[in-house]
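Here the structure is laid out as structure tokens; the discussion comes afterwards.
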Amino acid sequence: MPNALIHETSPYLLQHAHNPVNWFPWGEEALQKAAKEDKPILVSIGYSACHWCHVMEHESFEDEKTAAMMNEHFINIKIDREERPDLDHIYMDAVQSLTGSGGWPLNVFLTPDRHPFYGGTYFPPRPVMNRASWTDVLKAVAEAFQNKRSDIEQQAKSITQHLSQANDFGKSAGDHNFNIAQMDIACANLMQQSDQEWGGFGAAPKFPQTFSIQFLLKYFATTPSGQEQDEQRKTALQQACLSLDKMIDGGIYDQLGGGFARYSTDREWLAPHFEKMLYDNALLITVLSEAYQVTGREKYSKVIEETIDFIKRELMHPSSGFYAALDADSEGVEGKFYVWTAQEIQELLGKDAAIFSAYYDVSEEGNWEHTNILRVLRPVEEIAETFQHPVNEINQILDRCRSKLMAVRDKRIRPGLDDKIILSWNALMNTALSKAFQATAEESYKELAIANMAFLLKAFDPDNTGLHHVWKNDSAKHPAFLDDYAYLVQALLQLYRVTADAGYLEAARRYCETTIEAFSEPEGYFYYTAENQQDVIVRKKEVYDGATPSGNAVMARNLLELGIIFNKSEWQQRAYKMVSGLSTVAIKYPTSFGVWLDVLHQFIRGTKEIVLIGDYSNALTELLKKPIPFSIVMAAKQENENYPLLKDKVSSQPLAIFLCENYACRQPVYHIADLLKQIL
């Protein structure tokens with residue numbers, strides 16, 4: 001008999017709907033039941049694509065005896081972290097404060113009034129290497145709740161105080177003496193953490209860290225020439241490109257179908273946990289687009305195309321929304337959909353198998369758990385020399401082989417699809433499409449961004465009363481969080497940049513105003529949850545740039561740019577104050593504050609205001625292909641008094657181009673080449 005999760009729409013919650021555990025979704029029914037029966041609450045948090053979440057479900061939550069113990073002693077609540085990231089943030093912080101680490105599945109025990117007092121991540125069914133079994137944990141917590149209630153209450157109070165105190169940043173004035181030397185220091189600090197052999201930053205497990213790569217690209221593009229500066233600029237660009245190249249060549253990238261997995265378990269980018277998340281692919285498309293603008297390397301353009309094709313093929317709703325993720329597992333085995341044996345390769349590819357295997361690191365013994373994850377360790381030129389074939393012929397053979405293997409793979413049992421549509425992740429993808437269009441001038445990317453934005457505005461704010469966080473089955477639910485608003489405003493600004501449709505600007509201003517009204521806190525930052533949300537024990541402020549950018553950092557950039565576009569100095573000043581409060585820590589710890597560094601860098605360099613008046617269409621496309629960091633581009637057929645930068649801009653020529661800063665404009669030029677001379 002199904003439990004209460006059967007009425008949910010989240011694929012993750014529905015996966016647990018037939019567990020013998022009496023699961024509830026987070027909500028009044030479960031919370032009131034806990035209070036009425038005076039039972040501790042077990043909150044178990046995970047997500048559909050999480051491998052270890054599936055493992056713990058199979059080992060413990062599907063076990064009748066374990067479920068009986070859970071049902072007797074606890075009110076059991078399952079949460080999809082992607083539906084309720086606010087709750088995940090709170091209880092993840094609680095577990096990290098208790099244990100020093102976190103992850104998913106996240107299992108945390110609460111008092112009946114929702115305050116955490118104990119927790120952890122994955123627990124095995126039997127004790128293993130000093131790790132308690134799940135049943136041992138259940139027994140210990142149940143006994144402590146019965147016999148040491150005052151200790152439990154004190155622990156819960158202490159943890160809740162810690163969660164509240166974690167919000168106490170940004171109250172000092174911060175460093176207002178911004179200067180370019182700070183960017184040199186930040187770059188040096190970032191390079192100290194770089195892996196200069198395999199790319200990326202830090203040791204395994206390795207995440208893409210796209211914000212760090214973006215910082216290096218912009219540092220290269222904006223640092224003036226000079227002997228010492230040139231050396232550091234070159235090093236920054238080399239590390240950015242090395243990181244992208246090694247990811248593209250590694251097993252973290254799907255060599256057949258395109259798209260990136262979430263992270264690599266090893267230094268070499270070989271073995272990922274195979275889940276593919278929308279947000280990772282969006283952020284990687286964005287940074288690849290910026291890298292392509294800087295370098296012109298066709299390798300990046302090709303991967304942009306392949307990754308967008310993957311998203312359109314496997315993660316796109318008919319209404320132009322994008323699904324959340326693909327599972328790591330198929331047929332209960334992690335990575336089974338993606339890996340190959342040498343025998344399979346030989347049987348399928350015949351005489352071409354040797355060349356394919358040499359290029360993609362396929363061997364009899366395998367490179368991962370006796371199978372092969374396709375990856376590239378040798379350049380195609382080396383393969384061509386080994387097999388005594390021209391490079392173009394080798395490429396044709398590899399293309400033919402990939403097509404054959406892809407056709408076979410398509411017949412395999414597919415990983416599970418998490419088909420909910422999340423506003424914040426879709427907004428990141430929308431930005432990525434705009435960025436991809438800017439870099440490549442491929443019209444289909446812009447058209448898809450326009451279609452996706454039309455869907456988002458209609459689906460997530462159908463009554464113009466405020467955004468929602470998640471959409472499925474023609475229904476949006478859960479009030480939107482800071483990231484939803486911040487990323488959507490960012491996407492609207494980028495979509496305006498590529499279309500010059502002022503409707504996107506007006507929507508960006510409207511949602512920015514809503515964010516200020518509903519999410520502001522006294523120090524000028526923003527809470528993660530809106531003021532009218534009542535079911536969280538603390539309103540957190542999130543500032544770290546992790547797998548996704550900090551909503552506060554993105555809002556700081558939004559405020560800066562909208563403040564310029566609409567001449568709202570108070571918005572610019574608020575952005576400045578936000579960055580000031582975190583500038584010192586951002587420079588010291590660049591891998592955790594990449595987007596903040598980006599905004600700080602923009603304040604230091606200044607924002608170039610570029611205005612095109614007249615027949616701008618072709619010139620705008622030409623301009624956007626160029627790497628011009630920290631710029632606002634506005635275009636219109638004629639002057640427009642509603643926007644300060646478009647006001648009083650007239651010309652007798654078919655097109656006039658103005659370069660401005662702080663609204664002070666140079667004499668117009670009439671060709672993009674002449675504008676670029678002014679910028680450089």
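By order of appearance in the structure tokens: chains A, B, ..., then residues from 1 within every chain, and ligands from 1 in the order shown.
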
Residues of range 21-258 of chain A classed as helix (DSSP H, G or I) by DSSP on the backbone are to be reported as a PyMOL selection string. chain A and resi 28-37+51-61+64-73+85-99+134-147+149-165+180-192+210-222+227-249

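Listed by chain and then by rising number, the residues of range 239-390 of chain A that DSSP assigns to strand (DSSP E or B) from the backbone are Tyr253, Phe260, Tyr263, Ser264, Pro272, His273, Lys276, Met277, Met316, Phe322, Ala325, Leu326, Asp329, Ser330, Val333, Glu334, Trp340, Trp368, Thr371 and Asn372 of chain A.
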
Close residues, range 247-249 of chain A itself excluded, 9 Å, only C-alpha atoms, min 3 positions apart in chain, as a ChimeraX atom specification: /A:198-200,208,242-244,252-255,260,268-270,299-300,303,374-377

Restricting the output to C-alpha atoms, write the selected residues as a tab-separated table (two decimals), in the first residue's frame.
```
chain	number	residue	atom	x	y	z
A	198	TRP	CA	44.98	17.90	-15.28
A	199	GLY	CA	43.24	21.25	-15.00
A	200	GLY	CA	40.68	22.34	-12.49
A	208	PRO	CA	33.92	21.99	-12.82
A	242	LEU	CA	43.57	23.48	-19.65
A	243	SER	CA	40.66	23.01	-17.25
A	244	LEU	CA	38.09	23.10	-20.04
A	252	ILE	CA	32.99	13.62	-17.15
A	253	TYR	CA	31.99	14.59	-20.70
A	254	ASP	CA	29.78	12.19	-22.65
A	255	GLN	CA	31.97	11.51	-25.68
A	260	PHE	CA	28.62	16.81	-18.74
A	268	GLU	CA	41.91	13.07	-14.14
A	269	TRP	CA	38.21	13.74	-14.87
A	270	LEU	CA	37.83	10.06	-15.78
A	299	LYS	CA	36.79	22.74	-30.03
A	300	TYR	CA	34.70	24.90	-27.68
A	303	VAL	CA	31.15	21.13	-27.45
A	374	LEU	CA	35.33	6.78	-23.13
A	375	ARG	CA	37.94	9.51	-22.74
A	376	VAL	CA	40.66	11.13	-24.83
A	377	LEU	CA	44.29	10.95	-23.68
```

Could you list, as a ChimeraX atom specification, every residue within 9 Å of range 132-140 of chain A, counting only C-alpha atoms and ignoring same-chain residues fewer than 3 positions away? /A:60,66,69-70,73-74,122-129,143-145

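Checking A:Lys446, A:Lys336, A:Arg509, A:Arg378 one by one against Tyr360 in chain A, counting only C-alpha atoms, you find the shortest gap at A:Arg378.
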
Using only C-alpha atoms, I'd like a table of the residues in range 30-149 of chain A that come within 12 Å of range 481-503 of chain A; for each, show the closest atom pair and its distance in Å rounded to one decimal, ordered by chain and ascending number, as a tab-separated table.
```
residue	atom	partner	partner_atom	distance
A:Glu82	CA	A:Phe481	CA	11.4
A:Glu83	CA	A:Phe481	CA	10.4
A:Arg84	CA	A:Phe481	CA	9.2
A:Pro85	CA	A:Phe481	CA	8.5
A:Asp86	CA	A:Phe481	CA	7.7
A:Leu87	CA	A:Phe481	CA	11.2
A:His89	CA	A:Phe481	CA	12.0
```

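The environment of Gln96 in chain A within 9 Å, counting only C-alpha atoms and disregarding residues fewer than 6 places along the same chain, consists of Gly102, Gly103, Gly119 and Gly120 of chain A.
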
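Interatomic distance, CA of Gly466 in chain A to CA of Leu13 in chain A: 25.6 Å.
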
Can you tell me, as a list in words, what residues are no more than 9 Å from Tyr91 in chain A when counting only C-alpha atoms, ignoring any on the same chain fewer than 6 positions away? Val43, Leu106, Asn107, Val108, Pro116 and Gly119 of chain A

Contacts of range 279-296 of chain A within 9 Å, only C-alpha atoms, excl. fewer than 4 positions in-chain, as a count of residues only: 49

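Distances from A:Ile565, A:Ser617, A:Tyr528, A:Glu609 to Leu659 in chain A were compared using only C-alpha atoms, and the smallest one belongs to A:Glu609.
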